[in-house]
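Q: Handing you a structure now.
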Amino acid sequence: MSYETIGKVRVWGKTDEGALKQAQTCAYHGNVVQALLMADHHKGYSQPIGGVVAYEGQISPSGVGYDIACGNKAVRTNLMAADVKPNIKRIMDEIARRIEFGIGGVNAKKSDHELFDDPDWSVYRQVGGAGDVHDKLRKLAREQLGTVGSGNHYVDIFEEPSTGRIWIGNHFGSRGFGHKTASGFLNLAAGREFLGKAPGESMDQPPVLLDLNSELGDLYYRAMKLAGRYAYAGRDHVIDQVLDILGAESDFEVHNHHNFAWKEEHDGKECIVVRKGATPSAPGQLGFIGGSMGDISVIVRGKDTAENREAFYSTVHGAGRVMSRTQAAGKMNWKTRVRLGGEISEDRMMSAVKRFGVELRGGGTDESPFVYRQLQEVLDAHSETLDVLHTLKPIGVAMAGANEYDPYKD
């Protein structure tokens, strides 16, 4: 087997001690069946990113995290790289113009998606009394559907070198709606009002756990699934916009969450598997795993192996950070909007991106290739659990601009 067991945690790849400490804390709280760290693991809020915890009869809002249903979608188009590369500057300009990036961004054209008639919106009437929570969150969700946000969220144009085909990929979650859902249920679990102001939280605090058969646990589970459907709709919307910009059609797609909780059976037990920054990889299941702006991304398929079963059918969601945002870009003075003390200069970042052949829009040094592991390194650690079907090289990357505040802790 290519993992080691440290205490009660199964660990793939090189161990990050801070993330391991968080995983050990999770392993000793609640009805835990198994705790695991994927090879891209690093510290997160309460449950580490790249962390997986399987519970019996419990769900963890802090484990799923603030960016509920963050995930990836990729589609293969009918275009070839030779059709797109000569126009990549214009294409990326149009993507940056038409798609809304950044914190608090809203779509100019509001959506009438069928999602807004979903019966699970009633959850927010139950938790918010007179309907104030329901109305505020539904309005926010409608305004932000199909916006990408900031941090490590992106829209990419890829070339598949082995075939010359053009792919489109994106990465983001349930936006402000998901963030307010997460913070609201964490508030309720602590006895505060849903939209109340939460006190400062420790990164290393024990997980917040809800019994799934309790009223609060059931309401959270329903809200989380609604946020998941919302994230899927948003990623679909953005992919459709990019297909329109390219004048292309798609013939193959991969779509998955990596911040979510699933009901699954493992070792003969009904489990709630909470994956934060971890991709489901059941035998035959497809996943899209993104690298940095200067690295490959891949389409993978879960293997039917003993090690994959022991991984609770989980794998990496990306390359994994090796440098914090502040370490990379410096400490931000939000009054002057100037960063000081960062290890990665913009010139160094742009030089690396240019060498890799990427047309970049947005993106700060805190998202540069130097702050991430190489994706192949973490994939190699999971070689017994997944097959790589398609290797994709970015030729265009669009993200929020530098110095955007990222509250989602992903």
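Ligands are numbered from 1 in the order shown, residues from 1 within each chain, and chains are lettered A, B, ... in the order they appear in the structure tokens.
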Quick one: DSSP alpha helix (DSSP H) residues in region 258-318 of chain A, as a list in words?
A: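 Result set for region 258-318 of chain A (alpha helix (DSSP H)): Ala306, Glu307, Asn308, Arg309 and Glu310 of chain A.
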Q: With all heavy atoms retained, write the just-selected residues as a PDB file, in the first residue's frame.
A:
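And here is the file that came out, result_10.pdb:
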```pdb
ATOM      1  N   ALA A 306      -8.015  -2.701  -3.751  1.00  0.00           N
ATOM      2  CA  ALA A 306      -8.085  -2.715  -2.290  1.00  0.00           C
ATOM      3  C   ALA A 306      -7.681  -1.357  -1.725  1.00  0.00           C
ATOM      4  O   ALA A 306      -8.290  -0.865  -0.763  1.00  0.00           O
ATOM      5  CB  ALA A 306      -7.173  -3.816  -1.740  1.00  0.00           C
ATOM      6  N   GLU A 307      -6.660  -0.728  -2.324  1.00  0.00           N
ATOM      7  CA  GLU A 307      -6.218   0.563  -1.796  1.00  0.00           C
ATOM      8  C   GLU A 307      -7.276   1.643  -1.997  1.00  0.00           C
ATOM      9  O   GLU A 307      -7.453   2.510  -1.131  1.00  0.00           O
ATOM     10  CB  GLU A 307      -4.901   0.993  -2.428  1.00  0.00           C
ATOM     11  CG  GLU A 307      -4.361   2.279  -1.818  1.00  0.00           C
ATOM     12  CD  GLU A 307      -2.912   2.555  -2.169  1.00  0.00           C
ATOM     13  OE1 GLU A 307      -2.123   1.596  -2.326  1.00  0.00           O
ATOM     14  OE2 GLU A 307      -2.573   3.757  -2.274  1.00  0.00           O
ATOM     15  N   ASN A 308      -7.993   1.593  -3.100  1.00  0.00           N
ATOM     16  CA  ASN A 308      -9.051   2.577  -3.295  1.00  0.00           C
ATOM     17  C   ASN A 308     -10.170   2.373  -2.275  1.00  0.00           C
ATOM     18  O   ASN A 308     -10.727   3.337  -1.748  1.00  0.00           O
ATOM     19  CB  ASN A 308      -9.597   2.508  -4.726  1.00  0.00           C
ATOM     20  CG  ASN A 308     -10.354   3.770  -5.128  1.00  0.00           C
ATOM     21  OD1 ASN A 308     -10.249   4.812  -4.487  1.00  0.00           O
ATOM     22  ND2 ASN A 308     -11.122   3.678  -6.198  1.00  0.00           N
ATOM     23  N   ARG A 309     -10.493   1.129  -1.964  1.00  0.00           N
ATOM     24  CA  ARG A 309     -11.478   0.878  -0.906  1.00  0.00           C
ATOM     25  C   ARG A 309     -10.980   1.437   0.426  1.00  0.00           C
ATOM     26  O   ARG A 309     -11.746   2.040   1.189  1.00  0.00           O
ATOM     27  CB  ARG A 309     -11.751  -0.625  -0.777  1.00  0.00           C
ATOM     28  CG  ARG A 309     -12.549  -1.215  -1.919  1.00  0.00           C
ATOM     29  CD  ARG A 309     -13.057  -2.610  -1.595  1.00  0.00           C
ATOM     30  NE  ARG A 309     -11.976  -3.585  -1.430  1.00  0.00           N
ATOM     31  CZ  ARG A 309     -11.391  -4.221  -2.432  1.00  0.00           C
ATOM     32  NH1 ARG A 309     -11.765  -3.988  -3.684  1.00  0.00           N
ATOM     33  NH2 ARG A 309     -10.438  -5.104  -2.208  1.00  0.00           N
ATOM     34  N   GLU A 310      -9.698   1.255   0.701  1.00  0.00           N
ATOM     35  CA  GLU A 310      -9.139   1.739   1.961  1.00  0.00           C
ATOM     36  C   GLU A 310      -9.001   3.261   1.974  1.00  0.00           C
ATOM     37  O   GLU A 310      -8.874   3.865   3.041  1.00  0.00           O
ATOM     38  CB  GLU A 310      -7.796   1.052   2.227  1.00  0.00           C
ATOM     39  CG  GLU A 310      -7.981  -0.426   2.536  1.00  0.00           C
ATOM     40  CD  GLU A 310      -6.686  -1.211   2.626  1.00  0.00           C
ATOM     41  OE1 GLU A 310      -5.611  -0.579   2.703  1.00  0.00           O
ATOM     42  OE2 GLU A 310      -6.751  -2.448   2.628  1.00  0.00           O
TER      43      GLU A 310
END
```
Q: When you look at Ala329 (chain A) with a cut-off of 8 Å (counting only C-alpha atoms), what residues show up, excluding the ones that are within fewer than 5 positions of it in the same chain? I need them as a list of chain:residue names.
A: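 Neighbouring residues, sequence-local ones excluded: A:Arg339, A:Leu340, A:Gly341, A:Gly342, A:Glu343, A:Ile344, A:Ser345, A:Gly364, A:Thr365, A:Asp366.
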Q: Hey, can you spit out that residue selection with all heavy atoms as a PDB file, in the first residue's frame?
A:
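And here is the file that came out, out.pdb:
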```
ATOM      1  N   ARG A 339       0.579  45.375  -0.899  1.00  0.00           N
ATOM      2  CA  ARG A 339       1.151  44.237  -0.183  1.00  0.00           C
ATOM      3  C   ARG A 339       2.647  44.439   0.001  1.00  0.00           C
ATOM      4  O   ARG A 339       3.331  44.935  -0.900  1.00  0.00           O
ATOM      5  CB  ARG A 339       0.915  42.928  -0.950  1.00  0.00           C
ATOM      6  CG  ARG A 339      -0.520  42.429  -0.917  1.00  0.00           C
ATOM      7  CD  ARG A 339      -0.622  41.059  -1.550  1.00  0.00           C
ATOM      8  NE  ARG A 339      -1.968  40.543  -1.561  1.00  0.00           N
ATOM      9  CZ  ARG A 339      -2.511  39.834  -0.581  1.00  0.00           C
ATOM     10  NH1 ARG A 339      -1.792  39.560   0.499  1.00  0.00           N
ATOM     11  NH2 ARG A 339      -3.741  39.382  -0.669  1.00  0.00           N
ATOM     12  N   LEU A 340       3.143  43.999   1.146  1.00  0.00           N
ATOM     13  CA  LEU A 340       4.571  44.094   1.433  1.00  0.00           C
ATOM     14  C   LEU A 340       5.084  42.764   1.953  1.00  0.00           C
ATOM     15  O   LEU A 340       4.411  42.088   2.733  1.00  0.00           O
ATOM     16  CB  LEU A 340       4.830  45.182   2.487  1.00  0.00           C
ATOM     17  CG  LEU A 340       4.479  46.625   2.104  1.00  0.00           C
ATOM     18  CD1 LEU A 340       4.636  47.543   3.305  1.00  0.00           C
ATOM     19  CD2 LEU A 340       5.356  47.092   0.942  1.00  0.00           C
ATOM     20  N   GLY A 341       6.305  42.385   1.507  1.00  0.00           N
ATOM     21  CA  GLY A 341       6.996  41.243   2.091  1.00  0.00           C
ATOM     22  C   GLY A 341       6.763  39.911   1.426  1.00  0.00           C
ATOM     23  O   GLY A 341       7.180  38.879   1.958  1.00  0.00           O
ATOM     24  N   GLY A 342       6.111  39.854   0.269  1.00  0.00           N
ATOM     25  CA  GLY A 342       5.869  38.570  -0.381  1.00  0.00           C
ATOM     26  C   GLY A 342       7.116  37.959  -0.988  1.00  0.00           C
ATOM     27  O   GLY A 342       8.025  38.660  -1.431  1.00  0.00           O
ATOM     28  N   GLU A 343       7.165  36.621  -1.016  1.00  0.00           N
ATOM     29  CA  GLU A 343       8.326  35.904  -1.566  1.00  0.00           C
ATOM     30  C   GLU A 343       8.276  35.782  -3.087  1.00  0.00           C
ATOM     31  O   GLU A 343       9.306  35.545  -3.719  1.00  0.00           O
ATOM     32  CB  GLU A 343       8.424  34.509  -0.949  1.00  0.00           C
ATOM     33  CG  GLU A 343       8.730  34.511   0.544  1.00  0.00           C
ATOM     34  CD  GLU A 343       8.940  33.123   1.095  1.00  0.00           C
ATOM     35  OE1 GLU A 343       9.188  32.193   0.291  1.00  0.00           O
ATOM     36  OE2 GLU A 343       8.861  32.959   2.327  1.00  0.00           O
ATOM     37  N   ILE A 344       7.078  35.915  -3.679  1.00  0.00           N
ATOM     38  CA  ILE A 344       6.926  35.722  -5.124  1.00  0.00           C
ATOM     39  C   ILE A 344       6.601  37.067  -5.770  1.00  0.00           C
ATOM     40  O   ILE A 344       5.597  37.694  -5.447  1.00  0.00           O
ATOM     41  CB  ILE A 344       5.800  34.721  -5.449  1.00  0.00           C
ATOM     42  CG1 ILE A 344       5.948  33.430  -4.636  1.00  0.00           C
ATOM     43  CG2 ILE A 344       5.773  34.428  -6.943  1.00  0.00           C
ATOM     44  CD1 ILE A 344       7.231  32.689  -4.885  1.00  0.00           C
ATOM     45  N   SER A 345       7.446  37.504  -6.677  1.00  0.00           N
ATOM     46  CA  SER A 345       7.195  38.760  -7.382  1.00  0.00           C
ATOM     47  C   SER A 345       6.295  38.509  -8.584  1.00  0.00           C
ATOM     48  O   SER A 345       6.209  37.389  -9.115  1.00  0.00           O
ATOM     49  CB  SER A 345       8.507  39.380  -7.860  1.00  0.00           C
ATOM     50  OG  SER A 345       9.075  38.595  -8.899  1.00  0.00           O
ATOM     51  N   GLY A 364      -3.224  36.561  -8.891  1.00  0.00           N
ATOM     52  CA  GLY A 364      -2.162  37.214  -8.141  1.00  0.00           C
ATOM     53  C   GLY A 364      -1.036  36.248  -7.845  1.00  0.00           C
ATOM     54  O   GLY A 364      -1.124  35.041  -8.129  1.00  0.00           O
ATOM     55  N   THR A 365       0.030  36.763  -7.249  1.00  0.00           N
ATOM     56  CA  THR A 365       1.181  35.907  -6.945  1.00  0.00           C
ATOM     57  C   THR A 365       0.832  34.841  -5.909  1.00  0.00           C
ATOM     58  O   THR A 365       1.520  33.822  -5.822  1.00  0.00           O
ATOM     59  CB  THR A 365       2.365  36.750  -6.444  1.00  0.00           C
ATOM     60  OG1 THR A 365       1.945  37.533  -5.313  1.00  0.00           O
ATOM     61  CG2 THR A 365       2.875  37.677  -7.537  1.00  0.00           C
ATOM     62  N   ASP A 366      -0.257  35.059  -5.140  1.00  0.00           N
ATOM     63  CA  ASP A 366      -0.681  34.035  -4.182  1.00  0.00           C
ATOM     64  C   ASP A 366      -1.310  32.833  -4.865  1.00  0.00           C
ATOM     65  O   ASP A 366      -1.601  31.822  -4.220  1.00  0.00           O
ATOM     66  CB  ASP A 366      -1.653  34.621  -3.154  1.00  0.00           C
ATOM     67  CG  ASP A 366      -2.888  35.246  -3.781  1.00  0.00           C
ATOM     68  OD1 ASP A 366      -2.855  35.545  -4.992  1.00  0.00           O
ATOM     69  OD2 ASP A 366      -3.882  35.438  -3.059  1.00  0.00           O
TER      70      ASP A 366
END
```
Q: Using only C-alpha atoms, what table do you get, as a tab-separated table, when you list each residue of region 51-132 of chain A with an atom no more than 12 Å from region 27-34 of chain A, its nearest pair of atoms, and their distance in Å rounded to one decimal, rows by chain then rising number?
A:
```
residue	atom	partner	partner_atom	distance
A:Gly51	CA	A:Ala27	CA	10.8
A:Val52	CA	A:Gln34	CA	8.1
A:Val53	CA	A:Gln34	CA	5.9
A:Ala54	CA	A:Val33	CA	5.3
A:Tyr55	CA	A:Val32	CA	4.5
A:Glu56	CA	A:Asn31	CA	5.5
A:Gly57	CA	A:Asn31	CA	7.4
A:Gln58	CA	A:Asn31	CA	7.0
A:Ile59	CA	A:Gly30	CA	9.5
A:Ser60	CA	A:Gly30	CA	9.7
A:Gly63	CA	A:Ala27	CA	11.9
```
Q: Within 7 Å of Arg361 (chain A), counting only C-alpha atoms, which residues qualify if same-chain residues fewer than 5 places away don't, as a list in words?
A: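 Non-adjacent residues within range: Met92, Ala96, Val397, Ala398 and Met399 of chain A.
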Q: Can you work out which one of A:Lys8, A:Lys43, A:Arg301, A:His258 has the shortest atom-to-atom distance to Ser202 (chain A), counting only C-alpha atoms?
A: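 Using only C-alpha atoms, the shortest distance to Ser202 (chain A) belongs to A:Lys43.
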Q: Determine, counting only C-alpha atoms, which protein, DNA and RNA residues have an atom within 8 Å of an atom of Val378 (chain A); residues of the same chain fewer than 4 positions away are not included. Present the result as a ChimeraX atom specification.
A: /A:13,39-40,316,319,373-374,382
Q: Can you work out the spacing between CA of Ala182 (chain A) and CA of His41 (chain A) in Å, to one decimal?
A: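 Between CA of Ala182 (chain A) and CA of His41 (chain A) the gap works out to 21.5 Å.
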Q: In Å, rounded to a single decimal, give me how far CA of Leu389 (chain A) is from CA of Gly363 (chain A).
A: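 These atoms are spaced 28.1 Å apart.
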Q: So which residues of region 110-349 of chain A fall under strand (DSSP E or B) by DSSP, listed as JSON, numbers by chain?
A: {"A": [149, 154, 155, 156, 157, 158, 159, 160, 165, 166, 167, 168, 169, 170, 171, 172, 210, 211, 250, 251, 252, 253, 254, 255, 256, 257, 259, 260, 261, 262, 263, 264, 265, 266, 269, 270, 271, 272, 273, 274, 275, 276, 278, 279, 280, 283, 286, 287, 288, 289, 297, 298, 299, 300, 301, 302, 314, 315, 316, 321, 330, 331, 332, 333, 338, 339, 340, 341]}
Q: I'd like the interatomic distance between CA of Arg321 (chain A) and CA of Arg97 (chain A), to a tenth of an Å.
A: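 According to the coordinates, CA of Arg321 (chain A) and CA of Arg97 (chain A) are separated by 28.7 Å.
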Q: Within 8 Å of Ile299 (chain A), counting only C-alpha atoms, which residues show up once you throw out same-chain ones fewer than 6 positions away? Write them as number ranges by chain, please.
A: A: 254, 286-289, 388-391
